[in-house]
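Engineer: Hey, dropping model_13.txt in here, compact mmCIF, C-alpha atoms:
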```
# COMPACT_ATOMS: atom_id res chain seq x y z
CA MET A 1 25.80 19.42 -86.14
CA ILE A 2 29.18 19.73 -84.43
CA PRO A 3 29.45 23.05 -82.52
CA GLY A 4 31.39 25.63 -84.51
CA ALA A 5 31.65 23.35 -87.53
CA ASP A 6 29.13 25.25 -89.67
CA ALA A 7 31.41 28.27 -89.69
CA HIS A 8 33.99 26.19 -91.54
CA ASP A 9 31.60 24.22 -93.76
CA VAL A 10 32.25 20.87 -92.08
CA ASP A 11 28.99 18.97 -92.38
CA ILE A 12 29.11 16.26 -89.71
CA GLU A 13 25.95 14.82 -88.24
CA ILE A 14 26.44 12.41 -85.34
CA ASP A 15 23.73 9.82 -84.84
CA GLU A 16 22.19 10.08 -81.38
CA ALA A 17 21.86 6.33 -81.08
CA ALA A 18 25.57 5.90 -81.87
CA ILE A 19 26.45 8.32 -79.09
CA GLU A 20 24.27 6.44 -76.61
CA ARG A 21 25.81 3.11 -77.61
CA LEU A 22 29.33 4.46 -77.21
CA LEU A 23 28.53 5.89 -73.80
CA GLU A 24 27.71 2.36 -72.64
CA VAL A 25 31.15 0.98 -73.61
CA THR A 26 33.46 -0.19 -70.82
CA PRO A 27 36.97 -1.73 -70.92
CA ALA A 28 35.36 -5.16 -70.63
CA ASP A 29 33.70 -4.61 -74.02
CA VAL A 30 36.94 -4.39 -76.02
CA GLU A 31 39.85 -6.74 -76.56
CA ALA A 32 43.53 -6.13 -75.97
CA ALA A 33 45.59 -5.74 -79.13
CA ASP A 34 47.73 -8.65 -80.29
CA GLU A 35 50.72 -6.41 -81.06
CA LEU A 36 52.19 -3.00 -80.24
CA THR A 37 54.01 -0.54 -82.47
CA PHE A 38 56.04 2.64 -82.03
CA ALA A 39 58.04 5.07 -84.15
CA ARG A 40 61.56 6.34 -83.43
CA ASN A 41 61.67 10.10 -83.98
CA VAL A 42 63.33 13.42 -83.39
CA PHE A 43 61.24 16.36 -82.21
CA VAL A 44 61.88 19.55 -84.21
CA PRO A 45 59.99 22.55 -82.74
CA LEU A 46 60.33 25.10 -85.54
CA THR A 47 58.91 27.87 -83.36
CA THR A 48 57.22 28.30 -79.99
CA ALA A 49 54.88 30.98 -81.36
CA CYS A 50 51.13 30.31 -81.54
CA ARG A 51 48.11 32.50 -82.15
CA TYR A 52 46.16 30.60 -79.47
CA THR A 53 46.57 30.84 -75.70
CA CYS A 54 45.04 27.57 -74.46
CA THR A 55 45.18 27.47 -70.68
CA TYR A 56 46.75 23.98 -70.47
CA CYS A 57 49.56 24.50 -73.02
CA THR A 58 53.16 25.21 -72.03
CA TYR A 59 54.45 25.00 -75.60
CA TYR A 60 53.77 28.56 -76.69
CA ASP A 61 55.78 31.60 -75.68
CA PRO A 62 54.25 35.10 -75.75
CA PRO A 63 55.20 37.59 -78.49
CA GLY A 64 58.68 38.89 -77.91
CA GLU A 65 59.85 35.62 -76.38
CA ALA A 66 59.12 33.05 -79.09
CA SER A 67 62.07 31.60 -80.96
CA LEU A 68 62.51 30.29 -84.50
CA LEU A 69 64.91 27.46 -85.29
CA SER A 70 67.34 28.17 -88.10
CA LEU A 71 67.62 25.68 -90.92
CA GLU A 72 71.16 24.96 -89.73
CA GLU A 73 69.73 23.93 -86.35
CA VAL A 74 67.07 21.82 -88.10
CA ARG A 75 69.76 20.03 -90.07
CA GLU A 76 71.83 19.31 -86.96
CA ILE A 77 68.83 17.89 -85.09
CA CYS A 78 67.86 15.71 -88.06
CA ARG A 79 71.41 14.52 -88.61
CA THR A 80 71.74 13.54 -84.96
CA GLY A 81 68.43 11.69 -85.12
CA ALA A 82 69.36 9.78 -88.26
CA GLN A 83 72.66 8.75 -86.69
CA ALA A 84 70.71 7.43 -83.69
CA GLY A 85 68.56 5.24 -85.95
CA CYS A 86 65.45 7.43 -86.05
CA THR A 87 63.12 7.38 -89.05
CA GLU A 88 60.80 10.34 -88.31
CA ALA A 89 61.29 14.09 -88.04
CA LEU A 90 58.34 15.43 -86.04
CA PHE A 91 57.88 19.09 -86.96
CA THR A 92 55.71 21.24 -84.72
CA PHE A 93 54.78 24.86 -84.31
CA GLY A 94 51.79 26.80 -83.04
CA ASP A 95 48.85 27.72 -85.22
CA ASP A 96 49.70 30.47 -87.73
CA PRO A 97 52.63 31.75 -85.64
CA ASN A 98 53.37 34.72 -87.90
CA ASP A 99 49.77 35.91 -87.42
CA ARG A 100 50.57 37.97 -84.30
CA TYR A 101 54.31 37.52 -83.79
CA THR A 102 55.95 40.32 -85.72
CA ALA A 103 59.46 39.14 -84.82
CA VAL A 104 58.77 35.70 -86.30
CA HIS A 105 57.22 37.26 -89.39
CA ASP A 106 60.17 39.60 -89.83
CA GLN A 107 62.69 36.79 -89.34
CA LEU A 108 61.00 34.63 -91.94
CA SER A 109 60.97 37.55 -94.34
CA GLU A 110 64.65 38.26 -93.72
CA TRP A 111 65.44 34.63 -94.51
CA GLY A 112 63.43 34.82 -97.73
CA TYR A 113 60.22 33.02 -96.74
CA GLY A 114 56.75 34.44 -97.13
CA SER A 115 55.10 32.18 -94.58
CA ILE A 116 55.81 29.59 -91.91
CA HIS A 117 54.57 26.88 -94.28
CA GLU A 118 57.14 27.86 -96.90
CA TYR A 119 59.71 27.52 -94.13
CA LEU A 120 58.29 24.16 -93.05
CA ARG A 121 58.69 22.95 -96.62
CA ALA A 122 62.36 23.89 -96.57
CA ALA A 123 62.80 22.16 -93.18
CA SER A 124 61.05 19.03 -94.49
CA GLU A 125 63.40 18.96 -97.47
CA ILE A 126 66.34 19.04 -95.05
CA ALA A 127 64.89 16.15 -93.07
CA LEU A 128 64.67 14.07 -96.24
CA GLU A 129 68.24 15.02 -97.18
CA GLU A 130 69.43 13.88 -93.75
CA GLY A 131 67.62 10.55 -93.92
CA LEU A 132 64.36 11.12 -92.02
CA LEU A 133 60.72 11.04 -93.08
CA PRO A 134 58.89 14.26 -92.11
CA HIS A 135 55.70 14.14 -90.05
CA SER A 136 54.37 17.66 -89.51
CA ASN A 137 51.88 18.77 -86.88
CA PRO A 138 51.43 22.53 -87.36
CA GLY A 139 47.92 22.96 -85.95
CA ASP A 140 45.00 24.27 -87.98
CA GLN A 141 45.74 24.59 -91.68
CA THR A 142 43.97 25.89 -94.73
CA ARG A 143 43.96 23.82 -97.90
CA GLU A 144 46.60 26.08 -99.42
CA GLN A 145 48.87 25.75 -96.38
CA MET A 146 48.64 21.97 -96.24
CA ALA A 147 49.14 21.63 -100.00
CA THR A 148 52.35 23.64 -99.66
CA VAL A 149 53.98 20.87 -97.59
CA ALA A 150 51.97 17.69 -98.21
CA ASP A 151 54.23 16.35 -100.97
CA VAL A 152 57.32 16.44 -98.71
CA ASN A 153 55.65 14.80 -95.70
CA ALA A 154 55.13 11.10 -95.10
CA SER A 155 52.15 11.94 -92.89
CA MET A 156 50.73 14.85 -90.95
CA GLY A 157 48.52 15.44 -87.93
CA VAL A 158 46.54 17.68 -85.63
CA MET A 159 44.81 16.90 -82.36
CA LEU A 160 41.07 17.43 -82.58
CA GLU A 161 41.13 17.51 -78.76
CA THR A 162 37.34 17.92 -78.42
CA THR A 163 34.28 18.97 -80.37
CA ALA A 164 33.07 20.85 -77.30
CA ASP A 165 33.45 24.58 -76.76
CA VAL A 166 35.43 24.45 -73.51
CA ARG A 167 36.71 27.29 -71.35
CA ALA A 168 40.26 26.00 -71.74
CA HIS A 169 40.06 27.14 -75.38
CA ALA A 170 38.31 30.43 -74.66
CA GLY A 171 39.59 33.99 -74.59
CA PRO A 172 40.28 36.64 -77.22
CA ARG A 173 41.95 34.02 -79.43
CA SER A 174 39.70 31.03 -78.89
CA LYS A 175 40.19 27.71 -80.64
CA SER A 176 37.20 26.43 -82.63
CA PRO A 177 36.35 22.72 -83.00
CA GLY A 178 35.25 23.51 -86.53
CA GLN A 179 38.72 24.69 -87.48
CA ARG A 180 40.23 21.41 -86.30
CA LEU A 181 37.61 19.35 -88.11
CA ALA A 182 38.19 21.37 -91.27
CA THR A 183 41.91 20.59 -91.10
CA ILE A 184 41.22 16.87 -90.68
CA ARG A 185 38.81 17.00 -93.61
CA THR A 186 41.35 18.87 -95.75
CA ALA A 187 43.91 16.14 -95.11
CA GLY A 188 41.39 13.61 -96.35
CA GLU A 189 40.67 15.61 -99.48
CA LEU A 190 44.40 15.88 -100.20
CA GLY A 191 45.04 12.20 -99.47
CA VAL A 192 47.40 12.81 -96.54
CA PRO A 193 47.79 9.94 -94.02
CA PHE A 194 46.80 11.61 -90.78
CA THR A 195 47.07 11.40 -87.00
CA THR A 196 44.55 13.00 -84.67
CA GLY A 197 43.23 12.44 -81.18
CA ILE A 198 41.26 13.59 -78.17
CA LEU A 199 42.58 15.42 -75.12
CA VAL A 200 40.91 14.15 -71.96
CA GLY A 201 40.24 16.40 -68.98
CA ILE A 202 40.05 19.96 -70.36
CA GLY A 203 36.41 20.53 -69.43
CA GLU A 204 34.63 18.20 -71.84
CA ASP A 205 32.10 15.62 -70.61
CA TRP A 206 31.52 12.00 -71.61
CA ARG A 207 29.07 12.91 -74.32
CA ASP A 208 31.64 15.31 -75.81
CA ARG A 209 34.22 12.52 -75.85
CA ALA A 210 31.84 10.17 -77.62
CA GLU A 211 30.91 12.86 -80.14
CA SER A 212 34.56 13.68 -80.81
CA LEU A 213 35.46 10.06 -81.50
CA LEU A 214 32.45 9.57 -83.76
CA ALA A 215 33.29 12.75 -85.68
CA ILE A 216 36.79 11.36 -86.33
CA ARG A 217 35.26 8.07 -87.43
CA GLU A 218 32.91 9.80 -89.86
CA LEU A 219 35.74 11.73 -91.49
CA HIS A 220 37.79 8.54 -91.80
CA GLU A 221 34.83 6.75 -93.37
CA ARG A 222 34.67 9.50 -95.99
CA TYR A 223 38.36 9.60 -96.87
CA GLY A 224 40.13 6.60 -95.30
CA HIS A 225 43.06 8.74 -94.15
CA ILE A 226 43.17 8.41 -90.35
CA GLN A 227 46.18 6.32 -89.31
CA GLU A 228 45.81 6.56 -85.56
CA VAL A 229 43.87 8.31 -82.83
CA ILE A 230 45.67 9.41 -79.66
CA VAL A 231 43.83 9.28 -76.33
CA GLN A 232 45.85 11.75 -74.29
CA PRO A 233 45.29 12.98 -70.75
CA VAL A 234 45.86 16.63 -69.93
CA VAL A 235 48.70 16.87 -67.41
CA GLU A 236 49.43 19.31 -64.61
CA ASN A 237 51.92 22.02 -65.53
CA GLU A 238 52.76 25.64 -64.81
CA ARG A 239 49.72 26.83 -66.78
CA TRP A 240 47.24 24.10 -65.91
CA SER A 241 46.14 23.37 -62.38
CA GLY A 242 42.80 21.85 -63.29
CA GLY A 243 43.92 18.30 -62.55
CA SER A 244 44.48 15.25 -64.71
CA PRO A 245 41.95 12.51 -65.44
CA ASP A 246 42.13 9.49 -63.16
CA LEU A 247 42.87 5.95 -64.29
CA ALA A 248 39.21 4.91 -64.49
CA THR A 249 38.51 7.84 -66.82
CA MET A 250 41.44 7.02 -69.06
CA ARG A 251 40.50 3.34 -69.23
CA ARG A 252 36.94 4.13 -70.22
CA ALA A 253 37.94 6.82 -72.75
CA THR A 254 40.51 4.50 -74.35
CA ALA A 255 38.00 1.66 -74.60
CA MET A 256 35.49 4.05 -76.17
CA ALA A 257 38.06 5.01 -78.78
CA ARG A 258 38.71 1.38 -79.66
CA ALA A 259 34.97 0.67 -79.91
CA ALA A 260 34.26 3.78 -81.97
CA LEU A 261 36.97 3.40 -84.58
CA PRO A 262 37.41 0.91 -87.43
CA ASN A 263 39.91 -1.87 -86.77
CA GLU A 264 42.48 -0.45 -89.18
CA VAL A 265 42.74 2.80 -87.20
CA SER A 266 45.23 2.45 -84.36
CA VAL A 267 44.51 3.64 -80.83
CA GLN A 268 47.60 5.32 -79.44
CA SER A 269 48.50 5.91 -75.81
CA PRO A 270 51.50 8.21 -75.22
CA PRO A 271 53.80 6.38 -72.79
CA ASN A 272 55.29 9.55 -71.28
CA LEU A 273 51.86 10.98 -70.39
CA ALA A 274 49.46 8.10 -69.82
CA PRO A 275 49.62 5.02 -67.55
CA VAL A 276 50.07 2.76 -70.56
CA GLU A 277 50.63 -0.42 -68.55
CA ASP A 278 47.08 -0.06 -67.20
CA LEU A 279 45.54 0.74 -70.59
CA LEU A 280 46.83 -2.02 -72.85
CA ASP A 281 43.79 -4.20 -72.20
CA CYS A 282 41.58 -1.31 -73.38
CA GLY A 283 42.56 -1.69 -77.03
CA VAL A 284 45.80 0.29 -77.28
CA ASP A 285 47.96 -0.96 -80.16
CA ASP A 286 50.40 1.92 -80.69
CA LEU A 287 52.76 3.80 -78.38
CA GLY A 288 53.43 6.72 -80.70
CA GLY A 289 56.69 8.40 -81.48
CA VAL A 290 59.47 8.29 -78.91
CA SER A 291 62.88 9.86 -79.26
CA PRO A 292 66.29 8.69 -78.11
CA VAL A 293 67.78 12.15 -78.68
CA THR A 294 65.22 14.96 -78.15
CA ASP A 295 62.70 16.00 -75.51
CA ASP A 296 58.94 16.10 -75.88
CA HIS A 297 58.91 19.87 -76.31
CA ILE A 298 55.15 20.08 -75.83
CA ASN A 299 55.39 18.26 -72.49
CA PRO A 300 59.00 18.90 -71.45
CA GLU A 301 58.51 17.72 -67.87
CA HIS A 302 57.51 14.26 -69.09
CA ALA A 303 60.45 12.44 -70.67
CA TRP A 304 59.91 9.75 -73.25
CA PRO A 305 60.70 6.26 -72.00
CA ALA A 306 63.59 4.35 -73.49
CA VAL A 307 62.79 1.70 -76.09
CA ASP A 308 63.79 -0.88 -73.47
CA ARG A 309 60.83 0.26 -71.37
CA LEU A 310 58.47 -0.14 -74.33
CA GLU A 311 59.81 -3.66 -74.79
CA GLU A 312 59.10 -4.36 -71.11
CA LEU A 313 55.52 -3.12 -71.52
CA ALA A 314 55.01 -5.40 -74.50
CA ASP A 315 56.55 -8.37 -72.68
CA GLU A 316 54.30 -7.77 -69.66
CA ALA A 317 51.29 -7.71 -71.99
CA GLY A 318 52.49 -10.84 -73.78
CA VAL A 319 52.51 -9.25 -77.24
CA PRO A 320 55.26 -8.43 -79.75
CA LEU A 321 56.58 -4.89 -80.17
CA SER A 322 57.68 -3.62 -83.57
CA GLU A 323 58.96 -0.34 -84.90
CA ARG A 324 56.98 1.44 -87.63
CA LEU A 325 57.52 4.37 -89.96
CA PRO A 326 55.57 7.64 -89.55
CA VAL A 327 53.42 6.51 -92.46
CA TYR A 328 51.57 3.24 -91.88
CA ASP A 329 52.27 0.32 -94.19
CA ARG A 330 48.80 0.20 -95.69
CA TYR A 331 49.20 3.69 -97.16
CA LEU A 332 52.51 2.72 -98.74
CA GLU A 333 50.94 -0.38 -100.23
CA ALA A 334 47.96 1.61 -101.54
CA GLY A 335 50.19 4.20 -103.24
CA TRP A 336 49.16 7.15 -101.09
CA CYS A 337 52.66 8.46 -100.48
CA PRO A 338 54.10 11.32 -102.54
CA ASP A 339 56.89 10.51 -104.96
CA ARG A 340 59.48 12.17 -102.70
CA ILE A 341 58.60 9.86 -99.83
CA GLU A 342 58.49 6.71 -101.95
CA THR A 343 61.85 7.62 -103.47
CA ALA A 344 63.37 8.12 -100.01
CA ILE A 345 62.12 4.73 -98.84
CA GLU A 346 63.28 2.92 -101.97
CA ALA A 347 66.65 4.69 -102.22
CA ASN A 348 69.82 2.59 -102.24
CA ASP A 349 71.43 4.53 -99.39
CA ASP A 350 71.70 4.26 -95.62
CA ALA A 351 68.36 5.97 -95.02
CA GLY A 352 66.46 3.87 -97.54
CA ARG A 353 67.90 0.68 -96.13
CA ARG A 354 66.96 1.81 -92.61
CA PHE A 355 63.37 2.53 -93.68
CA ARG A 356 63.04 -0.83 -95.43
CA ALA A 357 64.50 -2.63 -92.44
CA VAL A 358 61.70 -1.17 -90.29
CA LEU A 359 59.09 -2.31 -92.81
CA GLU A 360 60.57 -5.79 -92.99
CA GLU A 361 60.64 -6.09 -89.20
CA ALA A 362 56.97 -5.12 -89.02
CA GLU A 363 56.09 -7.77 -91.62
CA ARG A 364 57.79 -10.45 -89.52
```
What is this file in structure tokens?

Structural biologist:
Amino acid sequence: MIPGADAHDVDIEIDEAAIERLLEVTPADVEAADELTFARNVFVPLTTACRYTCTYCTYYDPPGEASLLSLEEVREICRTGAQAGCTEALFTFGDDPNDRYTAVHDQLSEWGYGSIHEYLRAASEIALEEGLLPHSNPGDQTREQMATVADVNASMGVMLETTADVRAHAGPRSKSPGQRLATIRTAGELGVPFTTGILVGIGEDWRDRAESLLAIRELHERYGHIQEVIVQPVVENERWSGGSPDLATMRRATAMARAALPNEVSVQSPPNLAPVEDLLDCGVDDLGGVSPVTDDHINPEHAWPAVDRLEELADEAGVPLSERLPVYDRYLEAGWCPDRIETAIEANDDAGRRFRAVLEEAER
């Protein structure tokens, strides 16, 4: 049983033999992908409040300092992104930010919203109005919270990070692996195309990494909803001085992800955080969302590369690079997307034509 999972009724049993097999995987055991994809996005950090205080995270601000974007600011960011040719609005905020941030709670109430998820729904509606497809990553979510916004999102996500109970998650407001797994399961139950991943170097060991990847695989086998799995290194910052994983570690972890996951699930390497050029032969086939107009607000010291750089990486690897939408084609074809998303993609307007152009490019 996954540690902490029983508290959230996530029944996941990982086969010991599967763990042992995965621990034997090396980069030589997997093949390089025959194509690379990426999404063009804008990063919309609704608030920097979070109930957790993970020791490696620079995203959250303490109570009294956290901000909340107005819907006018959301609209301006989305409009700028659409004008720059983006297709995705990446919405982020910390887990249950109005849980301990009275100022955020009071501001939401003043604006007429009973919860941050009600506010996220309004922000997602604005993204659609401005010609972007919402992809929300708001941390742990209950079924009620996710259902509040699922029908106005093309896809959603949360990083599992690790199934291990690590000190980096500890403290008076510790993060539980079971909560993350429950969120991933809830997405499957609601039929939401989903992104997740592991965070390498926060105190987990190789067995933990194997177990985390196999837990993701098991949930995908149940529901078929995992689009991609990110293999992300922790990076040095003002709150984390515990070091970053070396290249050999990242190569092995990435290869393990490719070996553990079904072929239809992409393995993503974030090009602003990982040495992607040295990982492409380990099974990476997606470079994630990059933005021509906004920072990576979770890792602000690590700028996204320009699309030209992604094209160079693909050329050096000898494979084609194509843009994708925040929802993968197979979910569109299988009818997973909510009516609002399908309508946006099929609309006879600038946004709809831009979305279809991306799909047509990927097909070529």

Engineer: So that I can see what lies close to A:Val290, please list as a list of chain:residue names the residues with an atom at most 9 Å from it, counting only C-alpha atoms and leaving out residues fewer than 6 positions away in the same chain.

Structural biologist: A:Phe38, A:Ala39, A:Arg40, A:Asn41, A:Val42, A:Phe43, A:Pro270, A:Pro271, A:Asn272, A:Asp296, A:Trp304, A:Pro305, A:Ala306, A:Val307

Engineer: Using all atoms listed in the file, pick whichever of A:Ser136, A:Thr343, A:Thr102, A:Ser322 has the shortest atom-to-atom distance to A:Ala362.

Structural biologist: A:Ser322

Engineer: Could you please determine the separation between atom CA of A:Glu228 and atom CA of A:Ser266 in Å, to one decimal place?

Structural biologist: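 Between atom CA of A:Glu228 and atom CA of A:Ser266 the gap works out to 4.3 Å.
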
Engineer: Which residues are close to A:Glu88, i.e. within 9 Å by all atoms listed in the file, leaving aside same-chain residues fewer than 6 positions away? Reply as a list in words.

Structural biologist: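 My list of contacting residues is Ala39, Arg40, Asn41, Val42, Phe43, Cys78, Gly81, Ala82, Ala127, Gly131, Leu132, Leu133, Pro134, His135, Ala154, Gly289, Leu325 and Pro326 of chain A.
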
Engineer: Show me, as a short mmCIF file (atom, residue, chain, number, x, y, z; two decimals) with C-alpha atoms, in the frame of the given file, the residues that have an atom within 12 Å of A:Arg364 when counting only C-alpha atoms, minus same-chain residues fewer than 5 positions from it.

Structural biologist:
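Below is the file that was written, around-v8.cif:
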```cif
data_model
loop_
_atom_site.label_atom_id
_atom_site.label_comp_id
_atom_site.auth_asym_id
_atom_site.auth_seq_id
_atom_site.Cartn_x
_atom_site.Cartn_y
_atom_site.Cartn_z
CA GLU A 35 50.72 -6.41 -81.06
CA PRO A 320 55.26 -8.43 -79.75
CA LEU A 321 56.58 -4.89 -80.17
CA SER A 322 57.68 -3.62 -83.57
CA GLU A 323 58.96 -0.34 -84.90
CA ALA A 357 64.50 -2.63 -92.44
CA VAL A 358 61.70 -1.17 -90.29
CA LEU A 359 59.09 -2.31 -92.81
#
```

Engineer: Counting all atoms listed in the file, note down every residue that has an atom within 12 Å of the point (31.4, 8.5, -81.7) (file coordinates), as a PyMOL selection string.

Structural biologist: chain A and resi 2+12-25+162-163+198+206-220+253+255-262

Engineer: Using all atoms listed in the file, which residue out of A:Glu31, A:Glu73, A:Glu311, A:Asp140 lies closest to A:Glu277?

Structural biologist: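 Nearest to A:Glu277: A:Glu311.
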
Engineer: Could you name the residues that touch A:Ile230 at 7 Å or less, counting all atoms listed in the file, but leaving out those on the same chain fewer than 3 positions away, as a PyMOL selection string?

Structural biologist: chain A and resi 196-198+267-269

Engineer: Keeping only C-alpha atoms, write the selected residues to a file as an mmCIF file, in the coordinates of the input.

Structural biologist:
```
data_model
loop_
_atom_site.group_PDB
_atom_site.id
_atom_site.type_symbol
_atom_site.label_atom_id
_atom_site.label_comp_id
_atom_site.auth_asym_id
_atom_site.auth_seq_id
_atom_site.Cartn_x
_atom_site.Cartn_y
_atom_site.Cartn_z
ATOM 1 C CA THR A 196 44.550 13.000 -84.670
ATOM 2 C CA GLY A 197 43.230 12.440 -81.180
ATOM 3 C CA ILE A 198 41.260 13.590 -78.170
ATOM 4 C CA VAL A 267 44.510 3.640 -80.830
ATOM 5 C CA GLN A 268 47.600 5.320 -79.440
ATOM 6 C CA SER A 269 48.500 5.910 -75.810
#
```

Engineer: Would you mind listing what lies within 7 Å of A:Leu279 as number ranges by chain, with only C-alpha atoms counted and same-chain residues fewer than 4 positions away left out?

Structural biologist: A: 251, 275, 284

Engineer: Mind pulling up the distance from atom CA of A:Gln145 to atom CA of A:Ala103?

Structural biologist: 20.6 Å

Engineer: Which of these residues is nearest to A:Val158, using all atoms listed in the file: A:Arg180, A:Arg51, A:Arg143, A:His105?

Structural biologist: A:Arg180

Engineer: Record the distance separating atom CA of A:Ile184 and atom CA of A:Val235, expressed in Å with one decimal.

Structural biologist: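 Atom-to-atom, atom CA of A:Ile184 and atom CA of A:Val235 are spaced 24.4 Å apart.
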
Engineer: Could you tell me which of A:Val200, A:Ala28, A:Leu36, A:Ala150 comes closest to A:Cys337 if we count all atoms listed in the file?

Structural biologist: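 For A:Cys337, the nearest of the given residues is A:Ala150.
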
Engineer: Extending 3 Å beyond the listed atoms of stretch 102-114 of chain A on each side, what axis-aligned box results? I want centre and edge lengths in Å to one decimal, as AutoDock Vina command-line options.

Structural biologist:
```
--center_x 60.7 --center_y 36.7 --center_z -91.3 --size_x 15.5 --size_y 13.3 --size_z 18.9
```

Engineer: Using all atoms listed in the file - which residues lie no farther than 10 Å from the point (46.0, 25.0, -98.7) in the file's frame? Write them as a tab-separated table (two decimals) with C-alpha atoms, keeping the file's coordinate frame.

Structural biologist:
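Result file selection.tsv:
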```tsv
chain	number	residue	atom	x	y	z
A	117	HIS	CA	54.57	26.88	-94.28
A	141	GLN	CA	45.74	24.59	-91.68
A	142	THR	CA	43.97	25.89	-94.73
A	143	ARG	CA	43.96	23.82	-97.90
A	144	GLU	CA	46.60	26.08	-99.42
A	145	GLN	CA	48.87	25.75	-96.38
A	146	MET	CA	48.64	21.97	-96.24
A	147	ALA	CA	49.14	21.63	-100.00
A	148	THR	CA	52.35	23.64	-99.66
A	149	VAL	CA	53.98	20.87	-97.59
A	150	ALA	CA	51.97	17.69	-98.21
A	183	THR	CA	41.91	20.59	-91.10
A	186	THR	CA	41.35	18.87	-95.75
A	187	ALA	CA	43.91	16.14	-95.11
A	190	LEU	CA	44.40	15.88	-100.20
```

Engineer: For a quick check of understanding, using all atoms listed in the file, which of A:Gln107, A:Gln83, A:Ser67, A:Val74 has the smallest distance to A:Asp350?

Structural biologist: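 Looking at the shortest contact to A:Asp350, the residue is A:Gln83.
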
Engineer: Between A:Val231, A:Leu181, A:Val293, A:Leu160, which residue has the minimum interatomic distance to A:Ile77, considering all atoms listed in the file?

Structural biologist: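 Looking only at the distances to A:Ile77, the closest residue turns out to be A:Val293.
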